[in-house]
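Quick notes on the structure that follows.
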Amino acid sequence: LTITSDVNVEVIFEEIPKIPKYKINLQVQGSGCVELPDGLIYEEYEIVEAQIIPEDGWEIADVSIDGESHGNSSRIHFEMDSDKILTVIFEKMEYMVNIETIGSGKVSIEPGIYYHGDVLSFEFTPDQGNLLKDVIFNGISMGVISGYTVTLDSDLLVRAVFEEYLPTLTVVCSDGGSFSTYSECSAIDGNRYTYGSNVAVSFYAYDGYELESVVVRDTGSIITPDPYNPRIELLMDRDYVLDATYREKPKGTVTIEVHGNGTVEGAGEHCIGDFVGIYLYPSEGYRVGKIIVDGIETNESGDLNKLAKKLLSDYYSEKDESQYLETLSSLVTRYVVQNRKRWDDQNFIYNVPLMLDKNIIKSNADYYNKLFKKHGIDYKI
């Protein structure tokens with residue numbers, strides 16, 4: 001400005017208009033974060049880019065601006081033409097848990113939808129008569145496990161494989177004897193049985209031996225079968241290994257002195273407790289006069305008579321009826337076997353069972369009593 005005369009200068013200052021600024025009201029539900037370039041306040045018409053980041057195990061359920069949904073986008077652009085309400089909803093990731101059972105058994109966890117981070121404790125229980133064979137998690141075999149705990153981070157497929165439990169029975173005999181088994185259910189593969197079945201094990205001592213004991217190997221418990229009926233019954237609800245020990249019977253010697261003319265059989269070494277038949281054959285013109293056993297005069301059947309009285313009195317006073325019947329059965333059986341070749345009775349029962357039950361003894365009582373009387377056995381059934 002060049003001054004050539006008086007000049008009046010008037011200057012008017014005016015306020016520069018301010019650019020409006022708007023605020024973002026951020027609302028977050030669940031676990032995750034929202035990244036904004038410059039905080040929450042922006043100038044009018046500024047374009048804002050928001051990045052939505054869920055935490056591990058979470059996912060974006062919905063993103064909305066002023067109530068208008070933009071789906072589950074992880075990035076969103078919007079213009080700041082007013083204050084904005086930015087709402088982000090995160091939710092836990094869902095996983096499907098599928099359970100498959102093969103065979104008879106149960107898994108403690110139900111199939112269905114679970115969430116990331118859920119802790120599932122599985123228990124695998126076979127039904128009675130079954131056992132667990134394998135557990136498979138997402139194709140990976142875990143073997144035989146009763147339980148397993150999983151923290152979910154993916155879908156899960158669990159297969160539990162059960163199979164029928166067939167308990168085994170193994171009997172190991174020492175020298176001097178053997179055994180046999182019987183069950184209404186036939187053995188499978190030789191020594192495996194149906195779960196819950198009953199198996200009878202009979203023990204047989206060879207000549208000159210007797211059963212000493214039967215031991216259950218894993219527990220060490222000793223089973224002592226009845227010496228007159230060495231048999232035990234097992235409930236097959238577990239595996240068994242039995243050790244049967246036989247021992248030589250103690251022996252005694254029978255010495256015979258004959259006076260007069262005749263032959264006597266039965267001398268020699270015999271096992272103590274065995275029935276010994278002493279057979280008398282007088283020569284022509286002779287008969288049996290006296291029989292003296294250990295200084296005591298007795299009759300022809302004195303050895304059996306004496307043993308019968310001892311056995312039966314012992315069982316009457318100390319044992320129950322079933323054991324008494326077994327003893328009586330043994331006495332009858334041994335007596336019949338010992339004497340049958342000297343009997344001329346046409347009604348003689350040659351096929352004598354090894355052990356007689358109560359009904360057989362009762363039905364043949366008159367017959368046995370007749371024979372006992374005939375041969376001097378002082379006992380009546």
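The way I read the labels, and the way they are meant: chains A, B, ... in the order of the structure tokens, residue 1 as the first residue of every chain, and ligand 1 as the first ligand shown, with later ones counted on from there.
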Point to revise | Exercise: Asn261 in chain A partners within 10 Å, only C-alpha atoms, chain neighbours under 6 positions left out, as a ChimeraX atom specification | key: /A:281-288
Please save N, CA, C and O atoms of the selected residues as a short mmCIF file (atom, residue, chain, number, x, y, z; two decimals), in the first residue's frame.
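So the final result, stored in result.cif, reads:
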```
data_model
loop_
_atom_site.label_atom_id
_atom_site.label_comp_id
_atom_site.auth_asym_id
_atom_site.auth_seq_id
_atom_site.Cartn_x
_atom_site.Cartn_y
_atom_site.Cartn_z
N TYR A 281 -6.78 -168.34 50.24
CA TYR A 281 -7.09 -169.51 49.41
C TYR A 281 -6.60 -170.77 50.14
O TYR A 281 -5.45 -171.21 49.99
N PRO A 282 -7.47 -171.37 50.98
CA PRO A 282 -7.07 -172.60 51.69
C PRO A 282 -6.85 -173.73 50.69
O PRO A 282 -7.53 -173.83 49.67
N SER A 283 -5.87 -174.61 51.00
CA SER A 283 -5.66 -175.80 50.17
C SER A 283 -6.80 -176.80 50.41
O SER A 283 -7.57 -176.67 51.37
N GLU A 284 -6.90 -177.74 49.52
CA GLU A 284 -7.96 -178.74 49.65
C GLU A 284 -7.83 -179.45 50.99
O GLU A 284 -6.75 -179.88 51.39
N GLY A 285 -8.95 -179.56 51.68
CA GLY A 285 -8.96 -180.19 52.99
C GLY A 285 -8.70 -179.22 54.13
O GLY A 285 -8.65 -179.64 55.29
N TYR A 286 -8.50 -177.96 53.79
CA TYR A 286 -8.24 -176.95 54.81
C TYR A 286 -9.29 -175.84 54.72
O TYR A 286 -9.93 -175.64 53.68
N ARG A 287 -9.41 -175.09 55.80
CA ARG A 287 -10.27 -173.91 55.84
C ARG A 287 -9.58 -172.83 56.67
O ARG A 287 -8.60 -173.11 57.38
N VAL A 288 -10.16 -171.64 56.58
CA VAL A 288 -9.57 -170.53 57.34
C VAL A 288 -9.91 -170.72 58.81
O VAL A 288 -11.09 -170.85 59.17
#
```
Compile a residue-level contact table for range 15-115 of chain A against range 122-140 of chain A at a cut-off of 10 Å, reporting for every qualifying residue the shortest atom pair and its distance in Å to one decimal, with only C-alpha atoms counted, rows ordered by chain and ascending number, as a Markdown table.
```
| residue | atom | partner | partner_atom | distance |
| --- | --- | --- | --- | --- |
| A:Asn98 | CA | A:Asn138 | CA | 9.9 |
| A:Ile99 | CA | A:Phe137 | CA | 9.8 |
| A:Glu100 | CA | A:Ile136 | CA | 9.7 |
| A:Thr101 | CA | A:Val135 | CA | 9.5 |
| A:Ile102 | CA | A:Lys133 | CA | 9.8 |
| A:Gly103 | CA | A:Asn130 | CA | 8.4 |
| A:Ser104 | CA | A:Asp127 | CA | 5.6 |
| A:Gly105 | CA | A:Pro126 | CA | 4.0 |
| A:Lys106 | CA | A:Thr125 | CA | 5.2 |
| A:Val107 | CA | A:Phe124 | CA | 4.9 |
| A:Ser108 | CA | A:Glu123 | CA | 5.2 |
| A:Ile109 | CA | A:Phe122 | CA | 5.9 |
| A:Glu110 | CA | A:Phe122 | CA | 9.6 |
```
Review point. Could you pull the residues within 6 Å of range 39-48 of chain A, counting only C-alpha atoms, minus those fewer than 4 positions along the same chain, as a PyMOL selection string?
Key: chain A and resi 20-24+77-81
Exercise for review: Using CA of Tyr246 in chain A and CA of His270 in chain A as the two end points, give the distance in Å to one decimal.
Suggested key: 17.5 Å
Point to revise | Close residues, range 168-172 of chain A itself excluded, 7 Å, only C-alpha atoms, min 6 positions apart in chain, as an NGL selection string | key: :A and (191-193 or 239-244)
Keeping only C-alpha atoms, take the residues you just selected and write them out as an mmCIF file, in the first residue's frame.
```cif
data_model
loop_
_atom_site.group_PDB
_atom_site.id
_atom_site.type_symbol
_atom_site.label_atom_id
_atom_site.label_comp_id
_atom_site.auth_asym_id
_atom_site.auth_seq_id
_atom_site.Cartn_x
_atom_site.Cartn_y
_atom_site.Cartn_z
ATOM 1 C CA ASN A 191 -8.770 -122.742 28.385
ATOM 2 C CA ARG A 192 -11.065 -119.715 27.917
ATOM 3 C CA TYR A 193 -14.603 -119.731 29.278
ATOM 4 C CA ASP A 239 -8.396 -115.308 35.094
ATOM 5 C CA TYR A 240 -7.102 -118.216 37.168
ATOM 6 C CA VAL A 241 -3.757 -119.969 37.328
ATOM 7 C CA LEU A 242 -3.819 -122.978 39.689
ATOM 8 C CA ASP A 243 -0.737 -124.843 40.862
ATOM 9 C CA ALA A 244 -1.632 -128.409 41.878
#
```
**Study point:** For Asn198 in chain A, the nearest of the candidates A:Ser213, A:Thr219, A:Thr181, A:Ser154, counting only C-alpha atoms
**Key:** A:Thr181
Check your understanding: DSSP says strand (DSSP E or B) for which residues of range 163-264 of chain A? Put them as an MDAnalysis selection string?
Key -> chainID A and resid 163:164 168:173 177:183 188 192 198:205 209:216 222:223 226 229 231:235 240:248 251:254 262:264
Hey, which bits of range 103-214 of chain A sit within 12 Å of range 222-227 of chain A, and for each residue what's the closest pair of atoms and how far apart in Å (one decimal), counting only C-alpha atoms, rows by chain and increasing number, as a tab-separated table?
```
residue	atom	partner	partner_atom	distance
A:Ala200	CA	A:Pro225	CA	11.8
A:Val201	CA	A:Pro225	CA	10.2
A:Ser202	CA	A:Pro225	CA	9.3
A:Phe203	CA	A:Pro225	CA	8.9
A:Tyr204	CA	A:Pro227	CA	10.4
A:Ala205	CA	A:Pro227	CA	10.3
A:Tyr209	CA	A:Pro227	CA	11.8
A:Glu210	CA	A:Pro227	CA	8.3
A:Leu211	CA	A:Pro227	CA	7.5
A:Glu212	CA	A:Thr224	CA	7.8
A:Ser213	CA	A:Thr224	CA	5.6
A:Val214	CA	A:Ile223	CA	5.1
```
Would you save the residues of that selection, restricted to N, CA, C and O atoms, as a tab-separated table (two decimals), in the first residue's frame?
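What follows is the written file out.tsv:
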```tsv
chain	number	residue	atom	x	y	z
A	200	ALA	N	-15.83	-126.82	36.89
A	200	ALA	CA	-15.38	-127.78	37.90
A	200	ALA	C	-14.02	-128.34	37.48
A	200	ALA	O	-13.83	-128.73	36.33
A	201	VAL	N	-13.09	-128.33	38.41
A	201	VAL	CA	-11.75	-128.88	38.16
A	201	VAL	C	-11.57	-130.10	39.06
A	201	VAL	O	-11.67	-129.99	40.29
A	202	SER	N	-11.34	-131.25	38.45
A	202	SER	CA	-11.12	-132.49	39.20
A	202	SER	C	-9.65	-132.86	39.10
A	202	SER	O	-9.02	-132.71	38.05
A	203	PHE	N	-9.11	-133.35	40.21
A	203	PHE	CA	-7.69	-133.68	40.28
A	203	PHE	C	-7.55	-135.20	40.46
A	203	PHE	O	-8.28	-135.81	41.26
A	204	TYR	N	-6.62	-135.78	39.73
A	204	TYR	CA	-6.43	-137.23	39.75
A	204	TYR	C	-4.97	-137.54	40.08
A	204	TYR	O	-4.06	-137.15	39.35
A	205	ALA	N	-4.79	-138.21	41.23
A	205	ALA	CA	-3.44	-138.61	41.63
A	205	ALA	C	-3.11	-139.96	40.99
A	205	ALA	O	-3.96	-140.85	40.90
A	209	TYR	N	0.49	-141.71	44.69
A	209	TYR	CA	0.54	-140.27	44.97
A	209	TYR	C	-0.80	-139.80	45.54
A	209	TYR	O	-1.82	-140.47	45.40
A	210	GLU	N	-0.75	-138.63	46.15
A	210	GLU	CA	-1.96	-138.00	46.64
A	210	GLU	C	-1.84	-136.50	46.43
A	210	GLU	O	-0.73	-135.95	46.33
A	211	LEU	N	-2.99	-135.82	46.32
A	211	LEU	CA	-3.00	-134.38	46.13
A	211	LEU	C	-2.67	-133.69	47.45
A	211	LEU	O	-3.32	-133.92	48.46
A	212	GLU	N	-1.63	-132.87	47.42
A	212	GLU	CA	-1.22	-132.16	48.63
A	212	GLU	C	-1.94	-130.81	48.76
A	212	GLU	O	-2.49	-130.48	49.81
A	213	SER	N	-1.95	-130.02	47.69
A	213	SER	CA	-2.57	-128.70	47.78
A	213	SER	C	-2.83	-128.16	46.38
A	213	SER	O	-2.23	-128.59	45.40
A	214	VAL	N	-3.74	-127.17	46.33
A	214	VAL	CA	-4.00	-126.41	45.11
A	214	VAL	C	-3.87	-124.93	45.50
A	214	VAL	O	-4.53	-124.47	46.43
```
Using only C-alpha atoms, which protein or nucleic acid residues come within 10 Å of Asp155 in chain A? Drop anything in the same chain fewer than 4 positions from it, and give the result as a compact mmCIF listing (two decimals) with all heavy atoms, in the first residue's frame.
```
# COMPACT_ATOMS: atom_id res chain seq x y z
N GLU A 94 -17.33 -73.23 18.50
CA GLU A 94 -18.06 -74.47 18.79
C GLU A 94 -17.37 -75.65 18.12
O GLU A 94 -16.89 -75.54 16.98
CB GLU A 94 -19.51 -74.37 18.29
CG GLU A 94 -20.35 -73.36 19.02
CD GLU A 94 -21.78 -73.34 18.51
OE1 GLU A 94 -22.05 -73.96 17.44
OE2 GLU A 94 -22.64 -72.72 19.15
N TYR A 95 -17.34 -76.77 18.86
CA TYR A 95 -16.75 -77.99 18.31
C TYR A 95 -17.75 -79.13 18.48
O TYR A 95 -18.49 -79.19 19.47
CB TYR A 95 -15.45 -78.35 19.02
CG TYR A 95 -14.37 -77.28 18.91
CD1 TYR A 95 -13.79 -76.74 20.05
CD2 TYR A 95 -13.96 -76.84 17.66
CE1 TYR A 95 -12.81 -75.76 19.94
CE2 TYR A 95 -12.98 -75.87 17.55
CZ TYR A 95 -12.41 -75.33 18.69
OH TYR A 95 -11.45 -74.37 18.57
N MET A 96 -17.75 -80.01 17.52
CA MET A 96 -18.61 -81.19 17.58
C MET A 96 -17.83 -82.36 18.16
O MET A 96 -16.75 -82.70 17.70
CB MET A 96 -19.13 -81.56 16.19
CG MET A 96 -19.98 -82.81 16.15
SD MET A 96 -21.45 -82.71 17.19
CE MET A 96 -22.40 -81.50 16.27
N VAL A 97 -18.40 -82.96 19.20
CA VAL A 97 -17.81 -84.16 19.82
C VAL A 97 -18.69 -85.35 19.46
O VAL A 97 -19.88 -85.39 19.81
CB VAL A 97 -17.71 -84.00 21.35
CG1 VAL A 97 -17.20 -85.31 21.98
CG2 VAL A 97 -16.78 -82.85 21.71
N ASN A 98 -18.12 -86.29 18.74
CA ASN A 98 -18.83 -87.51 18.35
C ASN A 98 -18.26 -88.70 19.12
O ASN A 98 -17.03 -88.81 19.28
CB ASN A 98 -18.70 -87.77 16.85
CG ASN A 98 -19.47 -86.75 16.03
OD1 ASN A 98 -20.67 -86.60 16.19
ND2 ASN A 98 -18.77 -86.03 15.16
N ILE A 113 -22.48 -80.63 20.95
CA ILE A 113 -21.69 -79.43 20.69
C ILE A 113 -21.08 -78.93 22.00
O ILE A 113 -21.77 -78.77 23.01
CB ILE A 113 -22.57 -78.33 20.07
CG1 ILE A 113 -23.07 -78.78 18.69
CG2 ILE A 113 -21.80 -77.02 19.96
CD1 ILE A 113 -24.03 -77.80 18.04
N TYR A 114 -19.77 -78.67 21.95
CA TYR A 114 -19.04 -78.13 23.09
C TYR A 114 -18.24 -76.91 22.60
O TYR A 114 -18.17 -76.63 21.40
CB TYR A 114 -18.13 -79.18 23.71
CG TYR A 114 -18.88 -80.34 24.35
CD1 TYR A 114 -19.31 -81.42 23.59
CD2 TYR A 114 -19.15 -80.33 25.70
CE1 TYR A 114 -20.00 -82.48 24.17
CE2 TYR A 114 -19.85 -81.38 26.30
CZ TYR A 114 -20.28 -82.45 25.52
OH TYR A 114 -20.97 -83.48 26.11
N TYR A 115 -17.63 -76.21 23.55
CA TYR A 115 -16.96 -74.96 23.21
C TYR A 115 -15.46 -75.05 23.46
O TYR A 115 -14.98 -75.87 24.25
CB TYR A 115 -17.55 -73.81 24.03
CG TYR A 115 -19.01 -73.56 23.71
CD1 TYR A 115 -20.00 -74.12 24.51
CD2 TYR A 115 -19.38 -72.81 22.60
CE1 TYR A 115 -21.34 -73.91 24.22
CE2 TYR A 115 -20.72 -72.60 22.30
CZ TYR A 115 -21.70 -73.16 23.10
OH TYR A 115 -23.01 -72.97 22.79
N HIS A 116 -14.76 -74.18 22.76
CA HIS A 116 -13.31 -74.12 22.88
C HIS A 116 -12.92 -73.95 24.35
O HIS A 116 -13.47 -73.12 25.07
CB HIS A 116 -12.75 -72.96 22.07
CG HIS A 116 -11.26 -72.86 22.13
ND1 HIS A 116 -10.43 -73.50 21.23
CD2 HIS A 116 -10.43 -72.20 22.99
CE1 HIS A 116 -9.17 -73.24 21.52
NE2 HIS A 116 -9.14 -72.46 22.59
N ASN A 138 -9.53 -89.09 17.60
CA ASN A 138 -9.21 -88.51 16.30
C ASN A 138 -8.20 -89.35 15.52
O ASN A 138 -7.22 -88.84 14.96
CB ASN A 138 -8.70 -87.07 16.44
CG ASN A 138 -9.83 -86.08 16.69
OD1 ASN A 138 -11.00 -86.41 16.51
ND2 ASN A 138 -9.49 -84.88 17.11
```
